[in-house]
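Accompanying notes for the structure given below.
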Amino acid sequence: MSDHLVSGLEPPYYTVVFTSVRTEDDHAYAQTARRMEELVREVPGFLGYESARTPGGIGITVGYFRDEEAIAAWRASAEHQDAMRRGRADWYERYSVHVGRVERSYGFERG
C-alpha cells in the first residue's frame with residue numbers, strides 16, 4: 001500500500017481508479033512503476049494517489065486529478081502510452097479503469 005493517504009482535497013476533482021490482476025511476469029515492472037510515479041507527478045493538475053495490492057491478487061490504484069485536462073495529459077504521455085502497451089503485453093491478466101468526478105470528500109484521522 002502507498003505510504004500516504006490523500007486527504008484535504010477540495011472538490012470537485014476527478015479520480016482515476018485502476019484495478020488490476022497481474023501476470024507472473026514481473027520483469028521490469030517495479031522499475032516502470034517507479035518511473036510512472038515520477039512522471040505523473042509532473043502533470044499539472046495531478047493531486048496524488050493511493051495504491052494497495054493483495055499478495056498474488058487484486059491491485060487498486062486511485063489517482064486524483066484536478067480536472068479532465070490533467071487526466072488527458074497523463075493518458076497522452078508517450079512514456080505512459082509505452083507502459084500501457086507493455087502492461088497489456090506482459091504484466092496484466094486483466095484490468096479496468098473507472099473515471100469519476102468527486103462532489104464530496106471527507107475523512108477521519110485519529111488525533
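Scheme for the C-alpha cells: letters A, B, ... for chains in order shown; per-chain residue numbers from 1; ligand numbers from 1 in order shown.
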Alpha helix (DSSP H) positions in chain A, given as number ranges by chain: A: 29-40, 68-76, 78-86
Check which residues of stretch 20-49 of chain A sit at most 6 Å from stretch 74-94 of chain A using only C-alpha atoms, and return one row each with the closest pair of atoms and their distance in Å to one decimal, ordered by chain and rising number, as a tab-separated table.
residue	atom	partner	partner_atom	distance
A:Ser20	CA	A:Arg94	CA	5.8
A:Val21	CA	A:Arg94	CA	5.5
A:Arg22	CA	A:Tyr92	CA	4.2
A:Thr23	CA	A:Trp91	CA	5.2
A:Asp25	CA	A:Trp91	CA	5.9
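Between A:Leu47 and the candidates A:Glu10, A:Glu24, A:Glu103, A:Glu109, the tightest atom-to-atom separation, counting only C-alpha atoms, involves A:Glu10.
Considering only C-alpha atoms, the residue among A:Leu39, A:Ala33, A:Leu5, A:Val16 positioned nearest to A:Ser96 is A:Val16.
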Using only C-alpha atoms: which of A:Thr19, A:Thr32, A:Ser105, A:Ser7 has the shortest distance to A:Arg53: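 Closest to A:Arg53, using only C-alpha atoms: A:Thr19.
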Given only C-alpha atoms as the counted atoms, nearest of A:Val97, A:Tyr14, A:Ile60, A:Tyr49 to A:Met36: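 The shortest atom-to-atom distance to A:Met36 comes from A:Tyr49.
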Residues flagged strand (DSSP E) by DSSP in stretch 43-97 of chain A, as a VMD selection string: chain A and resid 46 to 53 58 to 65 92 to 97
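Atom to atom, atom CA of A:Arg35 and atom CA of A:Tyr13 stand 24.2 Å apart.
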Distance of atom CA of A:Gly63 from atom CA of A:Pro44, expressed in Å to one decimal place: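 Straight-line distance from atom CA of A:Pro44 to atom CA of A:Gly63 works out to 13.3 Å.
Checking A:Gly48, A:Gly100, A:Pro55, A:Gly111 one by one against A:Val6, counting only C-alpha atoms, you find the shortest gap at A:Gly48.
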Neighbouring residues of A:Val17 were defined as those with any atom within 6 Å, considering only C-alpha atoms; residues of the same chain fewer than 4 positions away were excluded. Please report them as an mmCIF file with N, CA and C atoms, in the first residue's frame.
data_model
loop_
_atom_site.group_PDB
_atom_site.id
_atom_site.type_symbol
_atom_site.label_atom_id
_atom_site.label_comp_id
_atom_site.auth_asym_id
_atom_site.auth_seq_id
_atom_site.Cartn_x
_atom_site.Cartn_y
_atom_site.Cartn_z
ATOM 1 N N THR A 61 -5.240 1.147 -7.682
ATOM 2 C CA THR A 61 -4.575 2.440 -7.574
ATOM 3 C C THR A 61 -5.602 3.504 -7.913
ATOM 4 N N VAL A 62 -5.692 4.500 -7.049
ATOM 5 C CA VAL A 62 -6.596 5.616 -7.275
ATOM 6 C C VAL A 62 -5.750 6.863 -7.462
ATOM 7 N N VAL A 97 -10.480 0.448 -15.729
ATOM 8 C CA VAL A 97 -10.239 1.843 -15.380
ATOM 9 C C VAL A 97 -11.601 2.514 -15.222
ATOM 10 N N HIS A 98 -11.765 3.237 -14.136
ATOM 11 C CA HIS A 98 -13.006 3.962 -13.856
ATOM 12 C C HIS A 98 -12.637 5.408 -13.558
#
Computed interatomic separation between atom CA of A:Leu9 and atom CA of A:Phe46 (Å):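 Pair atom CA of A:Leu9 / atom CA of A:Phe46 returns 11.4 Å.
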